[in-house]
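See structure below.
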Amino acid sequence: AVKHRYLPTAADQQGVRAQIAHYFSTHPMGPRRVEEEPYQWWKANDPSRLHAVVADPAMFSTLWTGARLSLLEYWQFLGGSFNPVETYNAAAERFLEHHPPGNGVGLLRQIAEFLNDMGAHQDAEAMARRSVSLARGLQHPELAESLIVLGEILLRNNQFAEAEEVAREALQDPPKSHKHLVLLSNIFLDSGAFDKAEQLLRSALENVGLQSNPQHLELYGNLGLLFHYRGRFQEA
C-alpha cells in the first residue's frame with residue numbers, strides 16, 4: 001500500500017530502483033554490490049545498464065562463482081537485446097589487453113562454462129580451448145581445471161575420443177581430484193565403454209575406501225548407474 005501511495009506508477013518504481021543501483025555502483029566490488037547492483041537495474045527495466053554491469057569481467061566472474069542462477073536469469077531478460085557470445089568475447093579481449101595473461105585463464109574458463117549453459121556449445125568449446133591453450137603456454141596451475149571444463153563440453157557434444165584424451169591429460173596434472181575421475185567415468189558411461197568405466201570406478205573407490213567424503217558420492221553414483229545400465233540391479 002505504501003509503495004502504491006508514494007510510487008503509483010511503474011516508471012516511479014523503476015526510477016527508485018535506478019537510484020538504488022547507482023548507489024551500489026559506487027561501492028567496491030563485494031557481495032552486497034554483486035547482489036544489489038545488477039538486480040536493481042533488472043527491476044528498473046534498464047537492459048542497457050544491466051548489460052554494462054554483467055559484461056564487466058569482475059562482476060561476471062563473481063556472479064558466476066556465487067550467484068550463477070541470477071546471472072542466467074539476467075541473461076534471459078537481456079537475450080532479446082544483447083548477444084552473450086559477442087558480449088563475453090569482447091570482454092575477454094579487453095581483459096587480456098589490460099591484465100597479465102595468467103589472470104585470463106580462469107576468466108576464459110568461466111565464460112566457456114557460462115556459454116555452454118546458455119546453449120552456445122561451439123562458442124563455449126572455442127573459449128575453453130583458449131583457456132587450455134593459455135594455461136599450457138604459461139604452465140599455469142589451473143591447467144587441470146581448464147582441461148576438465150573442456151572435457152565436459154566435448155562430452156556434452158558427444159566428442160568422446162577427444163574428451164577422453166583431455167580427461168587423461170588432466171589426470172597427469174597435479175593435484176588430482178575427484179573431478180578428473182568423475183569426468184573420465186562419465187565419458188566411459190556415455191560412450192558405452194562399460195568395462196573401462198567399471199575398472200576406473202572400482203580402482204578409484206578402492207583408493208578412497210569408506211571415507212565419508214561427499215565428493216566421493218559422484219563416483220559411487222556413477223558405479224550404481226553402471227550396474228543399472230548392465231542390468232545388475234542388485235549390485236546397484
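Residues are named by chain letter and number: chains run A, B, ... in the order of the C-alpha cells, numbers start at 1 in each chain, and ligands are numbered from 1 in the order shown.
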Practice task
From a DSSP calculation on the backbone, collect every residue of stretch 8-230 of chain A in alpha helix (DSSP H) and output the set as number ranges by chain.
Solution key: A: 10-25, 31-43, 47-55, 57-66, 68-78, 84-98, 101-117, 121-138, 143-156, 160-171, 178-191, 194-208, 217-229
Sorted per-residue table, stretch 64-137 of chain A near stretch 155-166 of chain A, closest atoms and distance, 12 Å, only C-alpha atoms, as a Markdown table:
| residue | atom | partner | partner_atom | distance |
| --- | --- | --- | --- | --- |
| A:Glu113 | CA | A:Arg156 | CA | 11.7 |
| A:Asn116 | CA | A:Arg156 | CA | 9.0 |
| A:Asp117 | CA | A:Arg156 | CA | 10.6 |
| A:Gly119 | CA | A:Arg156 | CA | 10.6 |
| A:Ala120 | CA | A:Asn157 | CA | 11.1 |
| A:His121 | CA | A:Asn157 | CA | 7.5 |
| A:Gln122 | CA | A:Asn157 | CA | 8.7 |
| A:Asp123 | CA | A:Asn157 | CA | 11.9 |
| A:Ala124 | CA | A:Asn157 | CA | 10.7 |
| A:Glu125 | CA | A:Asn157 | CA | 9.2 |
| A:Ala128 | CA | A:Val166 | CA | 11.6 |
| A:Arg129 | CA | A:Val166 | CA | 10.7 |
| A:Val132 | CA | A:Val166 | CA | 10.0 |
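Using only C-alpha atoms, the protein and nucleic acid residues lying no more than 12 Å from A:Gly15, apart from those fewer than 2 places from it along its own chain, are Leu7, Pro8, Thr9, Ala10, Ala11, Asp12, Gln13, Arg17, Ala18, Gln19, Ile20, Ala21, His22, Gln40, Trp41, Trp42, Lys43, Ala44, Asn45 and Asp46 of chain A.
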Write out the residues from the selection above, keeping C-alpha atoms, as an mmCIF file, in the first residue's frame.
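Below you can see selection20.cif, which holds the result:
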data_model
loop_
_atom_site.group_PDB
_atom_site.id
_atom_site.type_symbol
_atom_site.label_atom_id
_atom_site.label_comp_id
_atom_site.auth_asym_id
_atom_site.auth_seq_id
_atom_site.Cartn_x
_atom_site.Cartn_y
_atom_site.Cartn_z
ATOM 1 C CA LEU A 7 5.249 5.353 -6.163
ATOM 2 C CA PRO A 8 1.967 4.999 -8.039
ATOM 3 C CA THR A 9 3.352 4.180 -11.493
ATOM 4 C CA ALA A 10 5.795 1.624 -12.846
ATOM 5 C CA ALA A 11 8.007 4.489 -14.018
ATOM 6 C CA ASP A 12 8.164 5.887 -10.461
ATOM 7 C CA GLN A 13 9.117 2.472 -9.069
ATOM 8 C CA ARG A 17 15.328 1.116 -8.488
ATOM 9 C CA ALA A 18 17.722 3.022 -10.738
ATOM 10 C CA GLN A 19 18.733 5.300 -7.852
ATOM 11 C CA ILE A 20 19.476 2.272 -5.699
ATOM 12 C CA ALA A 21 21.532 0.720 -8.499
ATOM 13 C CA HIS A 22 23.521 3.952 -8.898
ATOM 14 C CA GLN A 40 18.207 -3.245 -9.254
ATOM 15 C CA TRP A 41 18.958 -2.489 -12.929
ATOM 16 C CA TRP A 42 16.944 -5.572 -13.825
ATOM 17 C CA LYS A 43 13.997 -4.379 -11.745
ATOM 18 C CA ALA A 44 14.440 -0.879 -13.185
ATOM 19 C CA ASN A 45 13.815 -2.456 -16.601
ATOM 20 C CA ASP A 46 17.029 -0.969 -17.982
#
Fill in the blank from the handout: Students should find that atom CA of A:Arg68 and atom CA of A:Leu225 are spaced 27.7 Å
Practice task
Rank nothing, just name the residue among A:Ser203, A:Ser131, A:Gln234, A:Ser191 nearest to A:Gly102, using only C-alpha atoms.
Solution key: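 Among A:Ser203, A:Ser131, A:Gln234, A:Ser191, it is A:Ser131 that comes nearest to A:Gly102.
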Exercise for the section: Within 8 Å of A:Val182, counting only C-alpha atoms, which residues show up once you throw out same-chain ones fewer than 6 positions away? Write them as a ChimeraX atom specification, please. Expected result: /A:218-219,222
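Comparing A:Ala170, A:Ala144, A:Leu78, A:Leu69 by their smallest distance to A:Phe114, the closest is A:Leu69 (using only C-alpha atoms).
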Handout entry: Of the listed residues A:Ser185, A:Phe82, A:Pro101, A:Glu206, that which approaches A:Leu223 most closely, counting only C-alpha atoms
Key =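 Looking only at the distances to A:Leu223, the closest residue turns out to be A:Ser185.
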Fill in the blank from the handout: note - atom CA of A:Leu200 and atom CA of A:Phe227 are separated by 13.7 Å
Problem - Minimum-distance residue to A:Glu152, chosen among A:Ala135, A:Ala126, A:Ala58, A:Leu183 (using only C-alpha atoms) - result: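 Checking each candidate against A:Glu152, we get A:Leu183 as the closest.
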Exercise for the section: Determine, counting only C-alpha atoms, which protein, DNA and RNA residues have an atom within 12 Å of an atom of A:Ala91; residues of the same chain fewer than 6 positions away are not included. Present the result as a list of chain:residue names. Expected result: A:His51, A:Ala52, A:Val53, A:Val54, A:Ala55, A:Asp56, A:Pro57, A:Ala58, A:Met59, A:Phe60, A:Ser61, A:Pro84, A:Val85, A:Glu97, A:His98, A:Gly104, A:Leu107, A:Leu108, A:Ile111
Writing out the chosen residues with all heavy atoms as a CSV table (one decimal), in the first residue's frame:
chain,number,residue,atom,x,y,z
A,51,HIS,N,23.2,-4.7,-18.8
A,51,HIS,CA,24.2,-5.4,-19.7
A,51,HIS,C,25.6,-4.9,-19.4
A,51,HIS,O,26.6,-5.6,-19.3
A,51,HIS,CB,23.9,-5.1,-21.2
A,51,HIS,CG,24.9,-5.6,-22.1
A,51,HIS,ND1,25.8,-4.9,-22.7
A,51,HIS,CD2,25.1,-6.9,-22.6
A,51,HIS,CE1,26.6,-5.6,-23.5
A,51,HIS,NE2,26.2,-6.8,-23.4
A,52,ALA,N,25.7,-3.6,-19.2
A,52,ALA,CA,27.1,-3.0,-18.9
A,52,ALA,C,27.6,-3.6,-17.6
A,52,ALA,O,28.8,-3.8,-17.5
A,52,ALA,CB,26.9,-1.5,-18.8
A,53,VAL,N,26.7,-3.8,-16.7
A,53,VAL,CA,27.2,-4.3,-15.4
A,53,VAL,C,27.6,-5.8,-15.5
A,53,VAL,O,28.7,-6.2,-15.0
A,53,VAL,CB,26.1,-4.2,-14.3
A,53,VAL,CG1,26.4,-5.0,-13.0
A,53,VAL,CG2,25.8,-2.7,-14.0
A,54,VAL,N,26.8,-6.6,-16.1
A,54,VAL,CA,27.1,-8.1,-16.1
A,54,VAL,C,28.2,-8.4,-17.2
A,54,VAL,O,28.8,-9.5,-17.1
A,54,VAL,CB,25.9,-8.9,-16.4
A,54,VAL,CG1,24.9,-8.8,-15.3
A,54,VAL,CG2,25.3,-8.7,-17.8
A,55,ALA,N,28.5,-7.4,-18.1
A,55,ALA,CA,29.6,-7.6,-19.0
A,55,ALA,C,30.9,-7.3,-18.4
A,55,ALA,O,32.0,-7.7,-19.0
A,55,ALA,CB,29.4,-6.7,-20.2
A,56,ASP,N,30.9,-6.6,-17.3
A,56,ASP,CA,32.2,-6.4,-16.6
A,56,ASP,C,32.8,-7.7,-16.1
A,56,ASP,O,32.2,-8.4,-15.4
A,56,ASP,CB,31.9,-5.4,-15.4
A,56,ASP,CG,33.2,-5.2,-14.6
A,56,ASP,OD1,34.1,-4.5,-15.0
A,56,ASP,OD2,33.3,-5.8,-13.5
A,57,PRO,N,34.1,-8.0,-16.4
A,57,PRO,CA,34.7,-9.3,-16.1
A,57,PRO,C,34.6,-9.5,-14.6
A,57,PRO,O,34.4,-10.7,-14.2
A,57,PRO,CB,36.1,-9.1,-16.6
A,57,PRO,CG,36.0,-8.2,-17.7
A,57,PRO,CD,35.0,-7.2,-17.3
A,58,ALA,N,34.9,-8.6,-13.7
A,58,ALA,CA,34.9,-8.8,-12.3
A,58,ALA,C,33.5,-9.1,-11.8
A,58,ALA,O,33.3,-10.1,-11.0
A,58,ALA,CB,35.4,-7.6,-11.5
A,59,MET,N,32.5,-8.4,-12.3
A,59,MET,CA,31.1,-8.7,-11.9
A,59,MET,C,30.7,-10.1,-12.4
A,59,MET,O,30.1,-10.9,-11.7
A,59,MET,CB,30.2,-7.6,-12.4
A,59,MET,CG,28.7,-7.8,-12.0
A,59,MET,SD,28.3,-7.8,-10.3
A,59,MET,CE,28.4,-6.0,-10.0
A,60,PHE,N,31.0,-10.3,-13.7
A,60,PHE,CA,30.6,-11.6,-14.3
A,60,PHE,C,31.2,-12.8,-13.5
A,60,PHE,O,30.6,-13.8,-13.1
A,60,PHE,CB,31.1,-11.7,-15.7
A,60,PHE,CG,31.1,-13.1,-16.3
A,60,PHE,CD1,29.9,-13.7,-16.7
A,60,PHE,CD2,32.3,-13.9,-16.3
A,60,PHE,CE1,29.9,-15.0,-17.2
A,60,PHE,CE2,32.3,-15.2,-16.8
A,60,PHE,CZ,31.1,-15.7,-17.2
A,61,SER,N,32.6,-12.7,-13.2
A,61,SER,CA,33.2,-13.8,-12.5
A,61,SER,C,32.7,-14.0,-11.1
A,61,SER,O,32.5,-15.2,-10.7
A,61,SER,CB,34.7,-13.4,-12.4
A,61,SER,OG,35.4,-14.5,-11.8
A,84,PRO,N,25.1,-12.9,-25.8
A,84,PRO,CA,26.1,-13.2,-24.8
A,84,PRO,C,27.5,-13.6,-25.4
A,84,PRO,O,28.5,-13.3,-24.8
A,84,PRO,CB,25.5,-14.4,-24.0
A,84,PRO,CG,24.4,-14.9,-25.0
A,84,PRO,CD,23.9,-13.8,-25.8
A,85,VAL,N,27.5,-14.3,-26.6
A,85,VAL,CA,28.7,-14.6,-27.2
A,85,VAL,C,29.5,-13.4,-27.5
A,85,VAL,O,30.7,-13.3,-27.2
A,85,VAL,CB,28.5,-15.5,-28.4
A,85,VAL,CG1,29.8,-15.8,-29.1
A,85,VAL,CG2,27.8,-16.8,-28.0
A,97,GLU,N,43.9,-7.6,-22.8
A,97,GLU,CA,44.7,-6.4,-23.2
A,97,GLU,C,45.3,-5.7,-22.0
A,97,GLU,O,46.3,-5.0,-22.1
A,97,GLU,CB,43.9,-5.4,-24.0
A,97,GLU,CG,43.6,-5.9,-25.4
A,97,GLU,CD,42.7,-4.9,-26.2
A,97,GLU,OE1,42.4,-3.8,-25.6
A,97,GLU,OE2,42.3,-5.3,-27.3
A,98,HIS,N,44.6,-5.7,-20.8
A,98,HIS,CA,45.0,-4.9,-19.7
A,98,HIS,C,45.4,-5.6,-18.5
A,98,HIS,O,45.6,-5.0,-17.4
A,98,HIS,CB,43.8,-3.9,-19.4
A,98,HIS,CG,43.4,-3.0,-20.5
A,98,HIS,ND1,42.3,-3.3,-21.3
A,98,HIS,CD2,43.9,-1.8,-20.9
A,98,HIS,CE1,42.2,-2.3,-22.2
A,98,HIS,NE2,43.2,-1.4,-21.9
A,104,GLY,N,43.9,-14.4,-17.1
A,104,GLY,CA,42.8,-14.7,-18.0
A,104,GLY,C,42.4,-16.1,-18.1
A,104,GLY,O,41.3,-16.4,-18.6
A,107,LEU,N,39.1,-16.6,-16.1
A,107,LEU,CA,38.0,-15.9,-16.7
A,107,LEU,C,37.5,-16.6,-18.0
A,107,LEU,O,36.3,-16.8,-18.2
A,107,LEU,CB,38.4,-14.5,-17.1
A,107,LEU,CG,37.3,-13.6,-17.8
A,107,LEU,CD1,36.1,-13.5,-16.9
A,107,LEU,CD2,37.9,-12.3,-18.2
A,108,LEU,N,38.5,-17.0,-18.9
A,108,LEU,CA,38.1,-17.7,-20.1
A,108,LEU,C,37.4,-19.0,-19.8
A,108,LEU,O,36.4,-19.4,-20.5
A,108,LEU,CB,39.3,-18.0,-21.0
A,108,LEU,CG,40.1,-16.7,-21.5
A,108,LEU,CD1,41.3,-17.2,-22.3
A,108,LEU,CD2,39.2,-15.8,-22.3
A,111,ILE,N,33.8,-18.2,-18.7
A,111,ILE,CA,33.0,-17.8,-19.8
A,111,ILE,C,32.6,-19.0,-20.6
A,111,ILE,O,31.4,-19.1,-21.1
A,111,ILE,CB,33.8,-16.8,-20.7
A,111,ILE,CG1,33.9,-15.4,-20.0
A,111,ILE,CG2,33.0,-16.5,-22.1
A,111,ILE,CD1,34.8,-14.4,-20.7
Practice task
State, in Å with one decimal place, the distance from atom CA of A:Val105 to atom CA of A:Leu143.
Solution key: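 Distance between the two atoms: 8.2 Å.
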